[in-house]
Amino acid sequence: MSAPYAKLPGWVDYGVIPLVNLIVAFLVAGLVVLLVGQSPIRAASLLIEGAFGYGEGIGFTLFYATNFIFTGLAVAIAFHCGLFNIGGEGQAYVAGLGVVLPCLWLDATMPWYVTIIAVVFGSSLMGALWALIPGYLQAKRGSHVVITTIMFNFIASSLMVYLLVDVLKPAGSMAPETRTFLEGGQLPKLGWLMNILGLDIGGAPFNLSFFIALIASFIVWVVVWRTRLGYQIRTMGFSPTAARYAGMKEARIIVITMMISGALAGMMAINPIMGDQHRMQLDFVGGAGFVGIAVALMGRSHPVGIIPAAILFGVLYQGGAEISFEMPEISRDMIVIIQGLVILFAGAMEHMFRPAIARLFTTLTAASKPPQTAETE
Amino acid sequence: MEFFDTLIVLLQSTVRLSVPLILAALAGLMSERAGIFDIGLEGKMLGAAFGGGAVAAVTQSAWLGLGAAVLVSVGLALVHAFASITQRGNQIVSGVAINFIAAGATVILGQAWFRQGGRTPPLSSDARFTTVDLPFAEAVADVPILGSIYSNLLSGHYILTYVAFLMVPFIWWVLFRTRFGLRLRAVGENPGAVDTAGISVIWMRYRAVICCGILCGVAGAYLSLCMTAGFVKGMTAGKGFIALAALIFAKWKPVNVMLACLLFGFLDAAAIRMQGNSLPLIGEIPSQFMQALPYILTVILLAGFIGKAIPPKAGGVPYVKER
């Protein structure tokens with residue numbers, strides 16, 4: 001399929017092209033801002049100011065980024081296997097149970113560093129289980145994982161509404177949420193880390209789960225590129241026929257990959273529940289599962305790309321809140337548009353500018369090199 | 001008799017609720033039969049509902065609203081077509097993108113243009129579709145059972161409702177009895193063969209996706225110009241995905257699509273009706289369970305426990321002409 005394209009050096013493929021796609025997505029978003037009758041430049045400066053201008057802003061940016069690292073990794077590892085897991089939203093939602101139950105059970109008796117072990121285990125288990133069924137159906141029954149994960153998002157949403165309204169809500173309370181955890185169910189904030197850098201985190205919920213996200217990114221890198229399982233996953237994604245020919249167990253790899261993916265999405269639930277609200281509320285995932293798609297596409301499914309992509313979306317979420325405060329015309333729905341545009345340009349139309357960039361690149365290199373070296377190439 | 005009246009009311013709201021599902025699922029049918037997967041039905045419907053609501057509010061004409069709804073939806077469909085046919089991008093990714101763009105843009109533009117928190121101004125009865133009474137509906141209303149069925153169940157719907165139900169045999173006819181339909185199905189099963197016969201796969205698929213856009217546009221118009229008086233933020237509320245589920249549930253066949261949509265519409269209507277009431281023997285069913293039931297049924301179907309759903313063979317695969 002890539003036959004008509006000229007071969008380009010890695011930094012163009014992994015640096016320039018994604019950047020061009022991203023810039024186009026933002027230019028189109030700027031057009032929308034213009035259409036609404038506002039200044040895109042003012043919006044952009046408010047965005048940067050809101051996300052990086054002060055300690056609390058940075059804290060919020062990194063808090064949101066934590067969510068997106070988890071969900072981005074979840075989508076990315078499935079991509080490596082040629083699977084498209086749209087179910088991160090549902091997996092994270094159900095995994096909220098894996099966070100809440102250990103917290104409710106242990107928070108009065110145990111310190112947070114004991115609870116968190118149970119919580120990491122619980123949330124990844126619940127997420128993995130919720131992804132297991134679509135994975136199994138894809139592997140054994142041939143039903144497309146995209147469709148089943150969409151269905152499972154809706155089923156998860158109904159299930160969690162039921163559980164929160166009818167089961168987990170403390171007696172006598174009206175709001176559909178669990179009780180607030182005691183100290184043992186609260187992750188410490190990372191204010192001290194920001195203090196070292198001379199920043200005051202203020203009320204931002206930037207917390208320890210950021211480190212869990214970084215560790216998860218490292219583990220994903222090790223698993224995908226440095227283990228036999230990762231090799232099998234990538235072979236499956238590259239060519240299922242080759243994987244089958246090499247004697248790899250297709251069904252097993254699909255199920256395991258989906259479970260890892262679900263576990264990563266599931267761990268996202270730690271951040272808002274244990275790190276911020278200290279209780280589970282309706283719809284606490286808030287679309288982070290879907291942002292993961294954009295993050296994985298932008299980050300080219302590599303942890304090194306995913307972390308900056310997640311931070312960029314953190315900037316959009318935090319800065320977007322700032323913009324909607326200053327410019328009421330541009331509500332936070334603007335982020336949803338940008339998200340869609342990023343998915344469109346960095347995902348669905350990722351090759352649109354490739355031929356043009358390739359042509360530009362070859363003319364540039366031809367011009368900069370003296371003609372005789374061309375023969376030795 | 002009381003049971004019968006309840007049943008009529010229930011079936012009436014079943015019809016009302018299944019119309020957008022039927023239109024959207026038929027839209028998906030056209031696209032997917034031609035080999036273009038479309039999970040952007042939701043976004044197209046939402047965009048169309050907004051376009052219809054906005055134009056009808058400004059021009060005070062339901063028909064212009066319908067036209068605008070179709071235009072918006074076809075526009076979004078063309079984006080999907082460009083990404084997935086011309087650019088040979090991933091069709092799922094493109095569909096996801098369209099859903100997000102529509103969800104965000106409708107609110108941002110709605111707020112900027114009308115300043116009512118993302119909704120369009122409420123429409124007067126001139127600016128929306130009114131219900132149509134079939135001939136003699138009044139006269140036969142008192143005839144037991146048959147009269148009630150005729151005047152309460154069949155009569156008194158919006159014109160788009162009748163359009164939706166007429167689209168079912170029409171789409172069937174187009175797909176299975178015309179040359180266009182044969183070629184459309186062929187590009188979804190074996191595009192190489194179609195290409196060999198000298199027919200452009202690209203153009204064929206574009207036309208299928210445009211048909212999909214038109215039908216989604218009508219579905220969106222139904223939401224904002226019939227069911228409610230104007231556009232409300234996020235008013236599709238997952239209907240596009242239920243339609244997608246119905247399409248799979250129906251194994252990509254037009255008449256089955258209608259039946260599946262009626263079933264899902266019935267579940268929805270029953271869920272609304274049963275809220276707070278308990279059934280004999282079973283007791284009270286949580287309404288969340290009823291809401292999740294279409295998805296659960298589809299998953300069970302996909303698992304192969306109720307027959308097997310086999311999608312068009314070339315679905316999701318961009319066509320590359322041999323070089």
# chains A, B, ... in the order shown; residues from 1 in each chain; ligands from 1
$ closest_atom_pairs --of "chain B" --to "chain A" --cutoff "6 Å" --atoms "only C-alpha atoms" --output "tab-separated table"
residue	atom	partner	partner_atom	distance
B:Ala83	CA	A:Met349	CA	5.5
B:Gly89	CA	A:Ala348	CA	4.5
B:Asn90	CA	A:Ala348	CA	5.2
B:Val93	CA	A:Ala348	CA	5.6
B:Ser94	CA	A:Ala348	CA	5.0
B:Ala97	CA	A:Gly340	CA	4.2
B:Phe100	CA	A:Gly340	CA	4.7
B:Ile101	CA	A:Ile337	CA	4.5
B:Gly104	CA	A:Asp333	CA	4.8
B:Ala112	CA	A:Val36	CA	5.6
B:Gln288	CA	A:Ser158	CA	5.0
B:Ala292	CA	A:Ile155	CA	5.2
B:Tyr295	CA	A:Met151	CA	5.2
B:Leu302	CA	A:Ser143	CA	5.5
B:Ala303	CA	A:Arg141	CA	5.8
$ residues_around --residues "Thr86 (chain B)" --least-positions-apart "4" --cutoff "8 Å" --atoms "only C-alpha atoms" --output "PDB file with N, CA and C atoms, in the first residue's frame"
ATOM      1  N   ALA B  81     -16.079  10.019   3.320  1.00  0.00           N
ATOM      2  CA  ALA B  81     -15.752   9.392   2.047  1.00  0.00           C
ATOM      3  C   ALA B  81     -14.349   9.788   1.596  1.00  0.00           C
ATOM      4  N   PHE B  82     -14.043  11.078   1.720  1.00  0.00           N
ATOM      5  CA  PHE B  82     -12.716  11.538   1.286  1.00  0.00           C
ATOM      6  C   PHE B  82     -11.624  10.839   2.094  1.00  0.00           C
ATOM      7  N   ILE B 202     -14.331   3.590  -6.845  1.00  0.00           N
ATOM      8  CA  ILE B 202     -14.302   4.820  -6.057  1.00  0.00           C
ATOM      9  C   ILE B 202     -15.634   5.560  -6.166  1.00  0.00           C
TER      10      ILE B 202
END
$ residues_around --residues "Ile233 (chain A)" --least-positions-apart "2" --cutoff "9 Å" --atoms "only C-alpha atoms" --output "list of chain:residue names"
A:Ile77, A:Ala78, A:His80, A:Cys81, A:Gly82, A:Val224, A:Arg228, A:Leu229, A:Gly230, A:Tyr231, A:Thr235, A:Met236, A:Gly237, A:Phe238, A:Ala243, A:Ile253, A:Ile254, A:Thr257
$ residues_around --residues "Cys211 (chain B)" --least-positions-apart "3" --cutoff "7 Å" --atoms "only C-alpha atoms" --output "list in words"
Ala27, Met30, Arg207, Ala208, Ile214 and Leu215 of chain B
$ atom_distance --atom1 "CA of Arg185 (chain B)" --atom2 "CA of Val257 (chain B)"
16.4 Å
$ residues_around --residues "Ile36 (chain B)" --least-positions-apart "3" --cutoff "12 Å" --atoms "only C-alpha atoms" --output "ChimeraX atom specification"
/B:27-33,39-40,77,80-86,88-92,94-95,184-185,187-189,191,201-202,204-210,212,311-319
$ atom_distance --atom1 "CA of Val299 (chain B)" --atom2 "CA of Phe79 (chain A)"
22.0 Å
$ residues_around --residues "Val19 (chain B)" --least-positions-apart "5" --cutoff "12 Å" --atoms "only C-alpha atoms" --output "mmCIF file with C-alpha atoms, in the first residue's frame"
data_model
loop_
_atom_site.group_PDB
_atom_site.id
_atom_site.type_symbol
_atom_site.label_atom_id
_atom_site.label_comp_id
_atom_site.auth_asym_id
_atom_site.auth_seq_id
_atom_site.Cartn_x
_atom_site.Cartn_y
_atom_site.Cartn_z
ATOM 1 C CA GLN B 12 -47.521 4.037 18.948
ATOM 2 C CA SER B 13 -44.511 5.236 20.871
ATOM 3 C CA THR B 14 -42.573 2.264 19.492
ATOM 4 C CA ALA B 24 -30.065 5.749 10.335
ATOM 5 C CA ALA B 25 -29.766 1.984 10.097
ATOM 6 C CA LEU B 26 -30.798 2.072 6.430
ATOM 7 C CA HIS B 157 -47.789 10.306 12.370
ATOM 8 C CA TYR B 158 -45.341 12.762 10.852
ATOM 9 C CA ILE B 159 -44.757 12.641 7.141
ATOM 10 C CA LEU B 160 -41.159 11.584 7.762
ATOM 11 C CA THR B 161 -42.458 8.553 9.654
ATOM 12 C CA TYR B 162 -44.253 7.360 6.549
ATOM 13 C CA VAL B 163 -41.170 8.201 4.497
ATOM 14 C CA ALA B 164 -39.042 6.058 6.814
ATOM 15 C CA PHE B 165 -41.306 3.058 6.516
ATOM 16 C CA LEU B 166 -41.589 3.475 2.750
ATOM 17 C CA MET B 167 -37.807 3.652 2.516
ATOM 18 C CA VAL B 168 -37.563 0.048 3.681
ATOM 19 C CA LEU B 215 -30.795 9.104 4.936
ATOM 20 C CA CYS B 216 -28.921 10.206 8.052
ATOM 21 C CA VAL B 218 -33.627 12.772 7.212
ATOM 22 C CA ALA B 219 -33.117 10.911 10.490
ATOM 23 C CA GLY B 220 -31.603 14.020 12.056
ATOM 24 C CA ALA B 221 -34.393 16.220 10.706
ATOM 25 C CA TYR B 222 -36.908 13.856 12.271
ATOM 26 C CA LEU B 223 -35.272 14.387 15.653
ATOM 27 C CA CYS B 226 -40.694 16.190 14.371
ATOM 28 C CA MET B 227 -39.970 14.562 17.691
ATOM 29 C CA LYS B 239 -29.320 6.518 18.687
ATOM 30 C CA GLY B 240 -26.684 6.281 15.960
ATOM 31 C CA ALA B 243 -28.973 1.962 14.743
ATOM 32 C CA VAL B 257 -33.338 -3.702 9.705
ATOM 33 C CA MET B 258 -36.879 -2.435 10.081
ATOM 34 C CA LEU B 259 -37.815 -5.317 12.386
ATOM 35 C CA ALA B 260 -34.694 -4.893 14.510
ATOM 36 C CA CYS B 261 -35.311 -1.159 14.804
ATOM 37 C CA LEU B 262 -38.925 -1.772 15.791
ATOM 38 C CA LEU B 263 -37.720 -4.231 18.420
ATOM 39 C CA PHE B 264 -35.199 -1.758 19.830
ATOM 40 C CA GLY B 265 -37.784 1.014 19.643
ATOM 41 C CA PHE B 266 -40.203 -1.205 21.514
#
$ closest_residue --among "A:Phe68, A:Trp11, A:Phe121, A:Phe52" --to "Pro308 (chain A)" --atoms "only C-alpha atoms"
A:Phe68
$ select_by_dssp --residues "region 169-339 of chain A" --states "alpha helix (DSSP H)" --output "JSON, numbers by chain"
{"A": [191, 192, 193, 194, 195, 196, 209, 210, 211, 212, 213, 214, 215, 216, 217, 218, 219, 220, 221, 222, 223, 224, 225, 226, 228, 229, 230, 231, 232, 233, 234, 235, 236, 237, 238, 240, 241, 242, 243, 244, 245, 250, 251, 252, 253, 254, 255, 256, 257, 258, 259, 260, 261, 262, 263, 264, 265, 266, 267, 270, 288, 289, 290, 291, 292, 293, 294, 295, 296, 297, 298, 303, 304, 305, 306, 307, 308, 309, 310, 311, 312, 313, 314, 315, 316, 317, 318, 319, 320, 321, 322, 323, 324, 325, 326, 333, 334, 335, 336, 337, 338, 339]}
$ closest_residue --among "A:Thr109, A:Ser368, A:Thr362, A:Thr180" --to "Val12 (chain A)" --atoms "only C-alpha atoms"
A:Thr362
$ residues_around --residues "Gly320 (chain A)" --least-positions-apart "3" --cutoff "10 Å" --atoms "only C-alpha atoms" --output "PDB file with C-alpha atoms, in the first residue's frame"
ATOM      1  CA  ALA A  43      -7.821  31.995  22.345  1.00  0.00           C
ATOM      2  CA  ALA A  44      -4.421  30.407  21.784  1.00  0.00           C
ATOM      3  CA  LEU A  46      -5.357  32.193  26.811  1.00  0.00           C
ATOM      4  CA  LEU A  47      -4.875  28.475  26.298  1.00  0.00           C
ATOM      5  CA  ILE A  48      -1.139  28.617  26.898  1.00  0.00           C
ATOM      6  CA  GLY A  50      -4.175  28.927  31.429  1.00  0.00           C
ATOM      7  CA  ALA A  51      -2.233  25.718  31.064  1.00  0.00           C
ATOM      8  CA  PHE A 313      -4.526  17.199  25.573  1.00  0.00           C
ATOM      9  CA  GLY A 314      -4.052  18.067  29.235  1.00  0.00           C
ATOM     10  CA  VAL A 315      -3.193  21.575  28.046  1.00  0.00           C
ATOM     11  CA  LEU A 316      -6.336  21.633  25.917  1.00  0.00           C
ATOM     12  CA  TYR A 317      -8.519  20.514  28.824  1.00  0.00           C
ATOM     13  CA  ILE A 323     -10.768  30.064  27.595  1.00  0.00           C
ATOM     14  CA  SER A 324     -14.411  29.267  28.339  1.00  0.00           C
ATOM     15  CA  PHE A 325     -14.086  31.429  31.448  1.00  0.00           C
ATOM     16  CA  GLU A 326     -12.747  34.417  29.529  1.00  0.00           C
ATOM     17  CA  MET A 327     -14.517  33.890  26.220  1.00  0.00           C
ATOM     18  CA  ILE A 330     -15.856  29.094  23.248  1.00  0.00           C
ATOM     19  CA  SER A 331     -17.096  26.533  25.716  1.00  0.00           C
ATOM     20  CA  ARG A 332     -15.258  23.352  26.538  1.00  0.00           C
ATOM     21  CA  ASP A 333     -16.977  21.703  23.606  1.00  0.00           C
ATOM     22  CA  MET A 334     -14.222  23.323  21.550  1.00  0.00           C
ATOM     23  CA  ILE A 335     -11.922  20.610  22.902  1.00  0.00           C
TER      24      ILE A 335
END
$ atom_distance --atom1 "CA of Val220 (chain A)" --atom2 "CA of His302 (chain A)"
8.8 Å
